[in-house]
Structure formats: C-alpha cells, structure tokens
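What follows is the content of upload_33.txt (compact mmCIF, C-alpha atoms).
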# COMPACT_ATOMS: atom_id res chain seq x y z
CA MET F 1 16.81 3.42 1.26
CA ARG F 2 18.50 3.93 4.60
CA ASP F 3 19.63 7.18 6.12
CA SER F 4 23.27 8.01 5.63
CA SER F 5 25.30 11.14 6.19
CA ARG F 6 28.45 9.81 4.53
CA LEU F 7 29.37 11.60 1.32
CA THR F 8 32.24 10.96 -1.03
CA ARG F 9 34.53 13.84 -1.88
CA ARG F 10 32.82 14.09 -5.30
CA ALA F 11 29.42 14.30 -3.65
CA ALA F 12 30.61 16.86 -1.10
CA LEU F 13 31.92 19.09 -3.86
CA GLY F 14 28.90 18.57 -6.07
CA LEU F 15 26.08 19.07 -3.61
CA THR F 16 24.79 22.47 -2.64
CA ALA F 17 25.87 23.70 0.78
CA ALA F 18 22.92 23.32 3.15
CA ALA F 19 21.77 26.10 5.42
CA LEU F 20 19.85 23.97 7.96
CA PRO F 21 20.82 21.08 10.21
CA LEU F 22 19.36 17.70 9.33
CA ALA F 23 15.85 17.85 10.78
CA THR F 24 12.67 15.93 10.19
CA ALA F 25 10.63 19.12 9.97
CA ALA F 26 11.11 22.85 9.73
CA PRO F 27 8.67 25.69 10.33
CA ALA F 28 6.38 26.80 7.56
CA SER F 29 8.20 29.25 5.33
CA ALA F 30 7.58 32.85 4.37
CA ALA F 31 5.96 31.45 1.26
CA SER F 32 3.36 29.63 3.35
CA ALA F 33 0.38 31.57 2.02
CA ILE F 34 1.04 30.49 -1.56
CA GLY F 35 -2.17 28.91 -2.75
CA GLY F 36 -4.32 30.79 -0.26
CA GLU F 37 -4.21 32.04 3.31
CA ARG F 38 -5.96 28.98 4.72
CA LEU F 39 -3.14 26.73 3.55
CA ALA F 40 -0.80 28.58 5.91
CA ARG F 41 -2.84 27.52 8.92
CA ASP F 42 -1.85 24.86 11.41
CA GLY F 43 -4.97 22.70 11.43
CA ILE F 44 -7.19 20.64 9.20
CA GLN F 45 -8.52 22.86 6.45
CA ALA F 46 -11.77 21.64 4.92
CA ALA F 47 -15.26 22.96 4.31
CA ASP F 48 -16.56 20.19 6.56
CA ALA F 49 -13.78 18.43 8.44
CA SER F 50 -16.27 16.06 10.10
CA THR F 51 -16.58 14.10 6.85
CA LEU F 52 -12.85 13.43 6.48
CA PRO F 53 -11.29 10.04 7.26
CA LYS F 54 -10.96 9.69 11.03
CA LYS F 55 -7.56 8.03 11.39
CA LEU F 56 -5.11 10.24 9.54
CA THR F 57 -1.76 10.22 11.33
CA ALA F 58 0.42 11.96 8.73
CA ARG F 59 2.31 15.07 9.80
CA SER F 60 1.13 16.77 6.62
CA TRP F 61 -1.29 15.94 3.80
CA LEU F 62 -3.20 17.54 0.95
CA ILE F 63 -5.85 16.54 -1.59
CA ALA F 64 -6.48 18.53 -4.76
CA ASP F 65 -8.29 18.39 -8.09
CA HIS F 66 -5.87 17.84 -10.97
CA ARG F 67 -7.77 19.83 -13.58
CA THR F 68 -8.83 22.88 -11.59
CA GLY F 69 -6.00 22.95 -9.07
CA GLU F 70 -8.50 23.39 -6.24
CA VAL F 71 -7.27 22.16 -2.87
CA LEU F 72 -10.21 20.28 -1.35
CA ALA F 73 -8.68 19.71 2.09
CA SER F 74 -5.28 19.87 3.75
CA TYR F 75 -3.34 19.57 6.97
CA ARG F 76 -0.18 21.66 7.40
CA ALA F 77 0.13 21.99 3.64
CA HIS F 78 3.30 24.08 3.80
CA GLN F 79 5.06 22.24 6.61
CA ARG F 80 8.62 21.60 5.47
CA LEU F 81 9.54 17.94 5.81
CA ALA F 82 12.16 15.59 4.38
CA PRO F 83 10.72 14.44 1.04
CA ALA F 84 12.75 11.27 0.39
CA SER F 85 12.32 9.98 -3.18
CA THR F 86 9.17 11.97 -3.90
CA LEU F 87 11.68 14.72 -4.79
CA LYS F 88 12.48 12.64 -7.88
CA MET F 89 9.30 14.12 -9.40
CA LEU F 90 11.08 17.48 -9.50
CA PHE F 91 14.21 15.83 -10.90
CA ALA F 92 12.13 14.30 -13.68
CA GLU F 93 10.42 17.58 -14.52
CA THR F 94 13.82 19.26 -14.73
CA VAL F 95 15.72 16.67 -16.81
CA LEU F 96 13.13 14.49 -18.56
CA GLY F 97 12.88 16.70 -21.65
CA LYS F 98 16.64 16.98 -22.15
CA PHE F 99 17.37 13.69 -23.89
CA GLU F 100 15.56 11.58 -26.47
CA ARG F 101 14.32 8.25 -25.12
CA THR F 102 16.34 6.31 -27.70
CA ARG F 103 19.68 7.96 -26.87
CA THR F 104 22.23 5.48 -25.52
CA TYR F 105 24.84 6.01 -22.83
CA ARG F 106 27.59 3.73 -21.53
CA VAL F 107 27.87 4.14 -17.77
CA THR F 108 31.26 4.77 -16.16
CA ASP F 109 32.53 4.29 -12.62
CA ALA F 110 32.60 8.06 -12.20
CA ASP F 111 28.86 8.28 -12.90
CA LEU F 112 28.16 6.13 -9.84
CA ALA F 113 30.93 7.34 -7.52
CA ASP F 114 28.73 9.86 -5.71
CA VAL F 115 25.66 7.66 -5.12
CA PRO F 116 25.10 7.82 -1.33
CA SER F 117 25.71 4.67 0.66
CA GLY F 118 22.44 2.98 1.58
CA SER F 119 20.60 4.29 -1.48
CA SER F 120 17.81 2.49 -3.26
CA LEU F 121 19.26 1.07 -6.48
CA VAL F 122 17.88 -0.34 -9.70
CA GLY F 123 21.14 -2.10 -10.55
CA VAL F 124 22.96 0.18 -13.01
CA LYS F 125 26.44 -1.18 -13.75
CA PRO F 126 29.53 0.48 -15.24
CA GLY F 127 30.33 -0.59 -18.77
CA ILE F 128 26.74 -1.41 -19.75
CA LEU F 129 25.07 0.57 -22.53
CA TYR F 130 21.64 1.88 -21.49
CA THR F 131 18.99 3.84 -23.34
CA VAL F 132 17.64 6.98 -21.70
CA HIS F 133 14.28 5.22 -21.67
CA GLN F 134 15.70 2.39 -19.55
CA LEU F 135 17.35 4.81 -17.12
CA TRP F 136 14.04 6.63 -16.58
CA GLN F 137 12.34 3.30 -15.95
CA GLY F 138 14.94 2.74 -13.25
CA VAL F 139 14.14 6.13 -11.73
CA PHE F 140 10.37 5.82 -11.72
CA LEU F 141 9.86 2.11 -11.07
CA ARG F 142 12.66 1.29 -8.65
CA SER F 143 13.47 4.80 -7.41
CA GLY F 144 17.06 4.03 -8.37
CA ASN F 145 19.51 6.64 -7.13
CA ASP F 146 22.08 5.05 -9.41
CA ALA F 147 19.90 5.86 -12.45
CA VAL F 148 19.33 9.39 -11.13
CA HIS F 149 23.05 10.02 -10.80
CA VAL F 150 23.81 8.73 -14.29
CA LEU F 151 21.18 11.06 -15.78
CA ALA F 152 22.45 13.93 -13.63
CA HIS F 153 25.99 13.40 -14.91
CA MET F 154 24.65 13.33 -18.47
CA ASN F 155 22.99 16.64 -17.62
CA GLY F 156 26.23 18.34 -16.65
CA GLY F 157 26.81 16.99 -13.17
CA ILE F 158 25.24 16.93 -9.72
CA ALA F 159 25.75 20.61 -8.90
CA ALA F 160 24.35 21.80 -12.24
CA THR F 161 21.33 19.54 -11.90
CA VAL F 162 20.66 20.68 -8.32
CA ALA F 163 20.80 24.31 -9.48
CA GLU F 164 18.37 23.59 -12.30
CA MET F 165 16.02 21.75 -9.97
CA GLN F 166 16.00 24.71 -7.57
CA ALA F 167 15.30 27.04 -10.48
CA LYS F 168 12.49 24.75 -11.63
CA ALA F 169 11.00 24.74 -8.13
CA LYS F 170 11.04 28.52 -8.13
CA ASP F 171 9.28 28.63 -11.50
CA LEU F 172 6.64 26.21 -10.22
CA GLN F 173 6.29 28.44 -7.13
CA ALA F 174 7.25 25.53 -4.92
CA LEU F 175 9.03 27.78 -2.46
CA ASP F 176 8.98 25.38 0.49
CA THR F 177 11.43 23.18 -1.42
CA HIS F 178 15.18 23.28 -0.90
CA VAL F 179 17.15 20.91 -3.12
CA VAL F 180 20.48 19.50 -1.96
CA SER F 181 20.71 16.30 -4.01
CA PRO F 182 18.81 15.25 -7.14
CA ASP F 183 17.72 11.88 -5.73
CA GLY F 184 15.86 13.01 -2.59
CA PHE F 185 18.24 11.19 -0.27
CA ASP F 186 18.58 12.60 3.24
CA HIS F 187 20.98 15.52 3.39
CA PRO F 188 21.03 18.53 5.72
CA GLY F 189 18.43 21.06 4.63
CA GLN F 190 16.79 18.94 1.92
CA LEU F 191 13.11 19.73 2.48
CA SER F 192 9.79 20.07 0.69
CA SER F 193 6.09 20.15 1.61
CA ALA F 194 2.83 18.41 0.77
CA TYR F 195 1.83 21.49 -1.21
CA ASP F 196 5.03 21.53 -3.28
CA LEU F 197 5.03 17.80 -3.96
CA THR F 198 1.46 18.06 -5.20
CA LEU F 199 2.52 20.90 -7.48
CA PHE F 200 5.24 18.66 -8.92
CA ALA F 201 2.79 15.84 -9.55
CA ARG F 202 0.15 18.06 -11.14
CA HIS F 203 2.60 19.71 -13.50
CA GLY F 204 4.46 16.47 -14.25
CA LEU F 205 1.32 14.60 -15.26
CA HIS F 206 0.82 17.06 -18.12
CA ASP F 207 3.97 15.58 -19.68
CA GLU F 208 3.36 12.45 -21.74
CA ASP F 209 6.61 10.74 -20.75
CA PHE F 210 6.26 11.59 -17.05
CA SER F 211 2.72 10.21 -17.03
CA SER F 212 3.75 7.06 -18.88
CA TYR F 213 6.70 6.27 -16.63
CA CYS F 214 4.92 6.84 -13.33
CA SER F 215 2.07 4.52 -14.36
CA THR F 216 4.31 1.65 -15.57
CA ARG F 217 4.01 -1.40 -13.35
CA VAL F 218 6.80 -3.68 -14.62
CA ALA F 219 9.67 -3.48 -17.09
CA ASN F 220 12.73 -5.43 -18.17
CA PHE F 221 16.05 -3.84 -17.20
CA PRO F 222 19.46 -4.55 -18.78
CA ALA F 223 21.75 -6.94 -16.90
CA GLY F 224 24.59 -6.96 -19.42
CA GLY F 225 24.87 -8.57 -22.81
CA LYS F 226 21.46 -9.76 -23.92
CA LYS F 227 20.33 -10.51 -20.38
CA THR F 228 17.62 -8.58 -18.55
CA PHE F 229 15.83 -8.78 -15.22
CA GLN F 230 12.34 -7.64 -14.32
CA ILE F 231 11.75 -4.59 -12.17
CA GLN F 232 8.44 -3.73 -10.51
CA ASN F 233 7.11 -0.32 -9.51
CA THR F 234 7.56 0.27 -5.77
CA ASP F 235 4.26 2.23 -5.63
CA ARG F 236 2.11 -0.30 -3.78
CA LEU F 237 -1.17 1.32 -4.78
CA LEU F 238 -0.10 0.69 -8.37
CA SER F 239 1.48 -2.76 -8.01
CA GLY F 240 -0.74 -4.18 -5.29
CA ALA F 241 2.30 -5.54 -3.44
CA TYR F 242 2.69 -6.29 0.29
CA GLY F 243 -0.92 -7.20 0.88
CA LEU F 244 -2.46 -4.14 -0.75
CA ARG F 245 -4.81 -4.21 -3.69
CA PRO F 246 -4.18 -1.83 -6.59
CA TYR F 247 -6.25 1.29 -6.04
CA PRO F 248 -9.06 1.62 -8.64
CA GLY F 249 -8.10 4.20 -11.23
CA ILE F 250 -4.56 4.75 -9.88
CA ILE F 251 -2.16 6.42 -12.33
CA GLY F 252 0.98 6.90 -10.18
CA VAL F 253 2.89 9.00 -9.18
CA LYS F 254 5.83 8.59 -6.70
CA ASN F 255 6.60 7.10 -3.31
CA GLY F 256 9.57 7.60 -1.05
CA TYR F 257 11.16 6.26 2.11
CA THR F 258 14.26 6.79 4.21
CA SER F 259 14.82 5.87 7.85
CA HIS F 260 15.03 9.60 8.57
CA ALA F 261 12.13 10.87 6.46
CA GLY F 262 9.85 7.93 7.03
CA ASN F 263 7.27 7.34 4.31
CA THR F 264 6.14 9.93 1.79
CA PHE F 265 3.82 9.47 -1.15
CA THR F 266 2.09 11.49 -3.83
CA GLY F 267 -0.59 9.59 -5.69
CA ALA F 268 -3.09 10.34 -8.44
CA ALA F 269 -6.22 8.46 -9.43
CA THR F 270 -9.01 8.96 -11.96
CA ARG F 271 -12.65 8.08 -11.44
CA GLY F 272 -15.75 9.23 -13.28
CA GLY F 273 -13.72 11.56 -15.49
CA ARG F 274 -12.11 13.33 -12.52
CA THR F 275 -8.48 13.07 -11.43
CA LEU F 276 -7.47 13.74 -7.83
CA LEU F 277 -4.01 14.25 -6.37
CA VAL F 278 -3.07 13.31 -2.80
CA THR F 279 0.19 13.83 -0.92
CA VAL F 280 0.78 12.18 2.45
CA MET F 281 3.98 12.84 4.42
CA HIS F 282 5.34 11.06 7.47
CA PRO F 283 2.43 8.99 8.88
CA ALA F 284 2.91 7.64 12.39
CA ASN F 285 3.52 4.08 11.25
CA GLY F 286 5.60 2.64 8.43
CA GLY F 287 4.80 -0.14 6.02
CA ASN F 288 1.51 0.32 4.21
CA GLU F 289 0.19 3.22 6.30
CA VAL F 290 1.16 5.95 3.82
CA TYR F 291 -0.75 4.10 1.09
CA LYS F 292 -3.77 3.41 3.31
CA GLU F 293 -4.06 7.09 4.27
CA THR F 294 -3.67 8.10 0.63
CA ALA F 295 -6.41 5.67 -0.39
CA ALA F 296 -8.68 6.95 2.39
CA LEU F 297 -8.26 10.53 1.19
CA LEU F 298 -8.89 9.52 -2.41
CA ASP F 299 -12.05 7.68 -1.35
CA TRP F 300 -13.19 10.80 0.48
CA GLY F 301 -12.41 13.01 -2.52
CA PHE F 302 -14.36 10.84 -4.93
CA GLY F 303 -17.19 10.46 -2.40
CA LYS F 304 -18.10 12.91 0.34
CA GLY F 305 -15.55 15.43 -0.84
CA SER F 306 -16.78 15.48 -4.45
CA SER F 307 -18.67 18.73 -3.88
CA ALA F 308 -16.36 20.19 -1.24
CA ARG F 309 -15.62 23.90 -1.45
CA ALA F 310 -11.98 24.69 -2.14
CA VAL F 311 -9.78 25.86 0.72
CA GLY F 312 -6.92 26.89 -1.58
CA MET F 313 -5.39 26.52 -5.02
CA LEU F 314 -2.39 24.89 -6.66
CA VAL F 315 -0.80 27.86 -8.40
CA ASP F 316 0.39 27.80 -12.00
CA PRO F 317 4.07 28.03 -12.98
CA LEU F 318 5.43 31.51 -13.63
CA SER F 319 6.62 30.38 -17.06
CA GLU F 320 3.06 29.42 -17.97
CA GLY F 321 1.49 32.70 -16.94
CA GLY F 322 0.99 32.02 -13.26
CA ALA F 323 0.65 35.10 -11.10
CA THR F 324 3.43 35.66 -8.59
CA ALA F 325 2.16 34.46 -5.23
CA SER F 326 2.89 36.62 -2.21
CA PRO F 327 2.89 35.71 1.49
CA THR F 328 0.07 37.05 3.64
CA PRO F 329 1.42 40.07 5.60
CA GLY F 330 1.69 39.22 9.27
CA GLY F 331 0.81 35.60 8.70
CA ALA F 332 -2.45 33.91 9.57
CA LYS F 333 -3.62 33.86 13.16
CA GLY F 334 -5.66 31.46 15.22
CA ALA F 335 -5.57 28.57 17.65
CA PRO F 336 -3.07 25.94 16.49
CA GLY F 337 -4.41 22.49 15.86
CA ALA F 338 -8.06 23.32 15.40
CA SER F 339 -9.92 23.01 12.13
CA GLY F 340 -9.79 26.38 10.46
CA SER F 341 -7.08 27.56 12.82
CA SER F 342 -3.66 28.86 11.95
CA ALA F 343 -0.15 29.44 13.13
CA SER F 344 1.88 32.59 12.64
CA SER F 345 4.43 32.51 9.88
CA SER F 346 7.25 34.70 8.66
CA SER F 347 6.15 37.39 6.24
CA ASP F 348 9.23 39.16 4.98
CA GLY F 349 8.08 38.54 1.41
CA SER F 350 11.25 36.76 0.39
CA SER F 351 11.82 33.20 -0.71
CA PRO F 352 12.98 31.09 2.26
CA TRP F 353 15.76 29.68 0.09
CA PRO F 354 17.97 32.11 -1.85
CA MET F 355 18.65 30.93 -5.36
CA LEU F 356 21.89 29.08 -5.90
CA GLY F 357 24.76 30.93 -7.50
CA GLY F 358 24.30 29.03 -10.75
CA ALA F 359 20.53 29.32 -10.82
CA ALA F 360 20.40 32.14 -13.34
CA GLY F 361 22.23 29.97 -15.80
CA ALA F 362 19.99 27.09 -14.87
CA VAL F 363 16.93 29.11 -15.74
CA ALA F 364 18.38 29.81 -19.15
CA LEU F 365 19.13 26.14 -19.61
CA LEU F 366 15.62 25.21 -18.60
CA ALA F 367 14.17 27.72 -21.01
CA GLY F 368 16.43 26.85 -23.91
CA GLY F 369 17.97 23.40 -23.63
CA ALA F 370 14.69 21.49 -23.46
CA PHE F 371 12.51 23.90 -25.44
CA ALA F 372 12.76 22.30 -28.85
CA LEU F 373 12.14 18.80 -27.58
CA ARG F 374 9.18 19.84 -25.44
CA ARG F 375 7.57 21.74 -28.32
CA ARG F 376 7.34 18.49 -30.25
CA ARG F 377 5.60 16.90 -27.29
CA ALA F 378 3.24 19.77 -26.54
CA ALA F 379 0.28 18.51 -28.55
CA ALA F 380 0.53 15.01 -27.12
CA ALA F 381 0.90 16.37 -23.59
CA ALA F 382 -2.19 18.53 -23.97
CA ALA F 383 -4.18 15.58 -25.20
CA LYS F 384 -2.94 13.51 -22.25
CA SER F 385 -4.00 16.22 -19.82
CA GLN F 386 -7.50 16.26 -21.26
CA GLU F 387 -7.68 12.48 -21.01
CA LEU F 388 -6.61 12.56 -17.35
CA ASP F 389 -9.17 15.18 -16.40
CA GLY F 390 -12.04 13.84 -18.45
CA SER F 391 -12.35 17.12 -20.39

Is it possible to express this structure as structure tokens?
Amino acid sequence: MRDSSRLTRRAALGLTAAALPLATAAPASAASAIGGERLARDGIQAADASTLPKKLTARSWLIADHRTGEVLASYRAHQRLAPASTLKMLFAETVLGKFERTRTYRVTDADLADVPSGSSLVGVKPGILYTVHQLWQGVFLRSGNDAVHVLAHMNGGIAATVAEMQAKAKDLQALDTHVVSPDGFDHPGQLSSAYDLTLFARHGLHDEDFSSYCSTRVANFPAGGKKTFQIQNTDRLLSGAYGLRPYPGIIGVKNGYTSHAGNTFTGAATRGGRTLLVTVMHPANGGNEVYKETAALLDWGFGKGSSARAVGMLVDPLSEGGATASPTPGGAKGAPGASGSSASSSSDGSSPWPMLGGAAGAVALLAGGAFALRRRRAAAAAAKSQELDGS
C-alpha cells in the first residue's frame, strides 16, 4: 500500500491523536531493556557475531526461539520504526477471539468509509454478506485494510479497537508499540519494534485460528452472488512468488509494506522439531530483500546459531503470569554500532506511550468479551503450540 496522510472526517475522529510527527524511526524507548539489558544496546547482539549472515542491511532485526522465548541474536531490537501491516498481528490477537468464524455480516458503505486512500485491499464490497472466516482470510492473505476496517466496526469502531489494541500491547509488554490505526497504515506516531513484532508473532501462534490463517497460501473470496475469486498470501516465503522459493518449514506469519515504512516482515519456520521467529524491519532495498534477510537469519538459526547462547528473552504477557519488566536504570552504555555495544536510553520507568483514555474499558473487554470463546479453544491452542515447538 502507498503512503497517504489524507484521512476522512470519520477516520480523523476515530483514530487516536498522535503525539509524534510522522517519522521513519524514533529513539529507543524507556522500555528498551525489556527482555534484557543487551537488547537495549545499539549494535549487533550475539554470542558470536562473526557467524551471522554478512549482508544484513535492515535497520532492525531479531531472531528468537518460539518455545523458550530466547533471543538468539538481534540488532537494535527496541528501535521504534513504522510497522506497516505487520501491526495486523496485534489487531488479530485483539479481535480474533471476538466472533465465531461462521458468523455472517453484510458490509455497509459506512464500514469502508474510513479506509485510507492507497491502502492494500482484498476487495470487500458493500452489500455482500461475508463470514467472519472470509474476512480474516482477507486480513491475513491479502493484508486487506478493507477487511480490517469491517472487523473493527463489528468490534465497536475504530477508536474502540485502537484502544483495545493498545491495551493488548501493554499486556504483552510490547511497550515500544504505539497504535494509531488498526491496519498498520502510515499515520503520525504509529510505531513498533522488532522486539514487539516478534512478541506478537510468538503469542499469536499459540492461537489455533491465528496459526491457521497465517499459514494459508490461497483461498476463494466472495465476489457477490455465487461468484468467488482466488486470493494468494502476500508472504513470499510462503507463496514462493516473485522469483522466491517457499522457505522450507515456513509457517507464516505477516509481511508489510508502505512507501514510508518500506518493507517489514515477521516470519516463523519449523525444522527438526524447533520453531524460530525472525523479524526484519526496513532493509536498504525493497522487493525481495526483506525475505532474503529473513531466510538468511533462519538459516543461521537452524545452523550455526542452533547452540547460540541467548542475549535476551521474549517476555510473557502479564495476563499469563509474566513478570513486569522494568527499564535498566541509567540505560546501557557503550560504543554505538559495535557488537556488544549500547546506546543510552531514557530510564524514567514509565511507559513511553500513556494508555488511551478508553484503555481501562478495553482491558475489561479483552478480559471478558473474548474469554468464553477462547476457553473453548484453549486445549486446541495448547496442542498446536506443542506441535509447533516439537515438544
């Protein structure tokens, strides 16, 4: 999707007011030491950086073990960058459990009125009756902002969904993330980090529906009446499109692109009973580069990095017993840019993004509205997690 700053009146009223100007990157936040002090540093973090792929151009990247949460290597893990559609992982984790897959919904003009101009679209049309299952296919396979906005309106509107997403990010301890729109489209202040996006992927893959959707390669989408058209997953490591071969063992999860953010991608693959997660943000070149750098990191993780000592951890959600992570007082210190070096960071102990006014209600909604449905899925999700991790 292309960058656009034009918002309709509905979108302007619905979206959260942003505190930062539109910027490709922002300094690491006060939460930068979440996951370990080394992840706050400004250089490559690895037990032996000499074994890493040599041509990594991304402004930020991270590779972690899905089962243990160990971060095997990283570069500027907490650097805040525009996430593009990878933010849809957080949207899915927030809304996916709200509605049964078989529920139907007839789309109205109002549901699509606030989709930003230049968005990626799956082709949702007013007047057509869709199942929730089909709308989620549109979100995951085609990164359709039109499908996102329909589901957000079903969920109480854009503003309510943004508030819930911010509350969900706080629960996941993804404190580098500031949500402005549910679709990940470029808006002032909409930022995340390689660390946070990897948190979203790790937690999302424990959900059976999330895992199923992000690994789906093709599907048939309603075109009106009895007609359908085929949609293909835009994850090129999954589909093998644009000259790439499908990555062995790939299981998703989400790619993103805007002319402002450039390319972003979080991928997961399983090999030999082990699942690895990789996030790559803003490589120097477009096209396939984000996928090539992801594949290179996965190859390293399954090969030379298979016995690498952890340099940090993906923390657990607060709602699942995760300990509250605190910034390192005074920040880490060292020579920027060197392996094992660091950059100073704020350490006031507060979240860099105050919770939205409606976030307290959003927390209650998250805890209550989806609880019954998710309980029914708990056993299946646990089994799926064991399958992914080979345990």

Which of F:Ala77, F:Ala219, F:Leu297, F:Val180 sits closest to F:Ile231 [using all atoms listed in the file]: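 Smallest separation from F:Ile231 among the options: F:Ala219.
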
8 Å contact set for F:Leu277, only C-alpha atoms, chain neighbours under 2 positions out, as a PyMOL selection string: chain F and resi 63-66+198+201-202+266-269+275+279+298

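When the distance limit is 6 Å and only C-alpha atoms are what count, the residues near F:Val280, minus those fewer than 3 positions from it on the same chain, are F:Trp61, F:Thr264, F:Phe265.
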
Which of F:Gln79, F:Thr270, F:Ser307, F:Thr102 sits closest to F:Pro248 [using only C-alpha atoms]: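 Looking at the shortest contact to F:Pro248, the residue is F:Thr270.
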
Distance in Å - atom CA of F:Glu164 versus atom CA of F:Tyr105: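 These two atoms are separated by 21.5 Å.
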
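Take atom CA of F:His187 and atom CA of F:Leu175: the distance between them is 18.1 Å.
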
Closest pair table for stretch 183-276 of chain F residues within 10 Å of stretch 142-151 of chain F, all atoms listed in the file, as JSON lines:
{"residue": "F:Asp183", "atom": "CA", "partner": "F:Asn145", "partner_atom": "CA", "distance": 5.7}
{"residue": "F:Gly184", "atom": "CA", "partner": "F:Asn145", "partner_atom": "CA", "distance": 8.6}
{"residue": "F:Phe185", "atom": "CA", "partner": "F:Asn145", "partner_atom": "CA", "distance": 8.3}
{"residue": "F:Val218", "atom": "CA", "partner": "F:Arg142", "partner_atom": "CA", "distance": 9.7}
{"residue": "F:Ile231", "atom": "CA", "partner": "F:Arg142", "partner_atom": "CA", "distance": 6.9}
{"residue": "F:Gln232", "atom": "CA", "partner": "F:Arg142", "partner_atom": "CA", "distance": 6.8}
{"residue": "F:Asn233", "atom": "CA", "partner": "F:Arg142", "partner_atom": "CA", "distance": 5.8}
{"residue": "F:Thr234", "atom": "CA", "partner": "F:Arg142", "partner_atom": "CA", "distance": 5.9}
{"residue": "F:Asp235", "atom": "CA", "partner": "F:Arg142", "partner_atom": "CA", "distance": 9.0}
{"residue": "F:Lys254", "atom": "CA", "partner": "F:Ser143", "partner_atom": "CA", "distance": 8.6}
{"residue": "F:Asn255", "atom": "CA", "partner": "F:Ser143", "partner_atom": "CA", "distance": 8.3}
{"residue": "F:Gly256", "atom": "CA", "partner": "F:Ser143", "partner_atom": "CA", "distance": 8.0}
{"residue": "F:Tyr257", "atom": "CA", "partner": "F:Ser143", "partner_atom": "CA", "distance": 9.9}

Enumerate, as a compact mmCIF listing (two decimals) with C-alpha atoms, keeping the file's coordinate frame, the protein, DNA and RNA residues whose atoms approach (15.3, 2.4, -26.4) to within 7 Å, taking into account all atoms listed in the file and the coordinate frame of the file.
# COMPACT_ATOMS: atom_id res chain seq x y z
CA ARG F 101 14.32 8.25 -25.12
CA THR F 102 16.34 6.31 -27.70
CA THR F 131 18.99 3.84 -23.34
CA VAL F 132 17.64 6.98 -21.70
CA HIS F 133 14.28 5.22 -21.67
CA GLN F 134 15.70 2.39 -19.55

Spatial sel., origin (0.4, 7.9, -15.7), limit 9 Å, only C-alpha atoms, listed as a list in words: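 Residues lying no farther than 9 Å from the given point: Leu205, Glu208, Asp209, Phe210, Ser211, Ser212, Tyr213, Cys214, Ser215, Thr216, Ile250, Ile251, Gly252, Val253, Ala268 and Leu388 of chain F.
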
Between atom CA of F:Ser50 and atom CA of F:Lys304, distance in Å (one decimal):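 Value for the atom CA of F:Ser50-atom CA of F:Lys304 distance: 10.4 Å.
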
Minimum-distance residue to F:Ala92, chosen among F:Asp111, F:Asp196, F:Asp186, F:Asp207 (using all atoms listed in the file):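 The shortest atom-to-atom distance to F:Ala92 comes from F:Asp207.
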
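Each of F:Asp48, F:Leu237, F:Leu314, F:Ser192 was compared to F:Ala296 using all atoms listed in the file, and F:Leu237 turns out to be the nearest.
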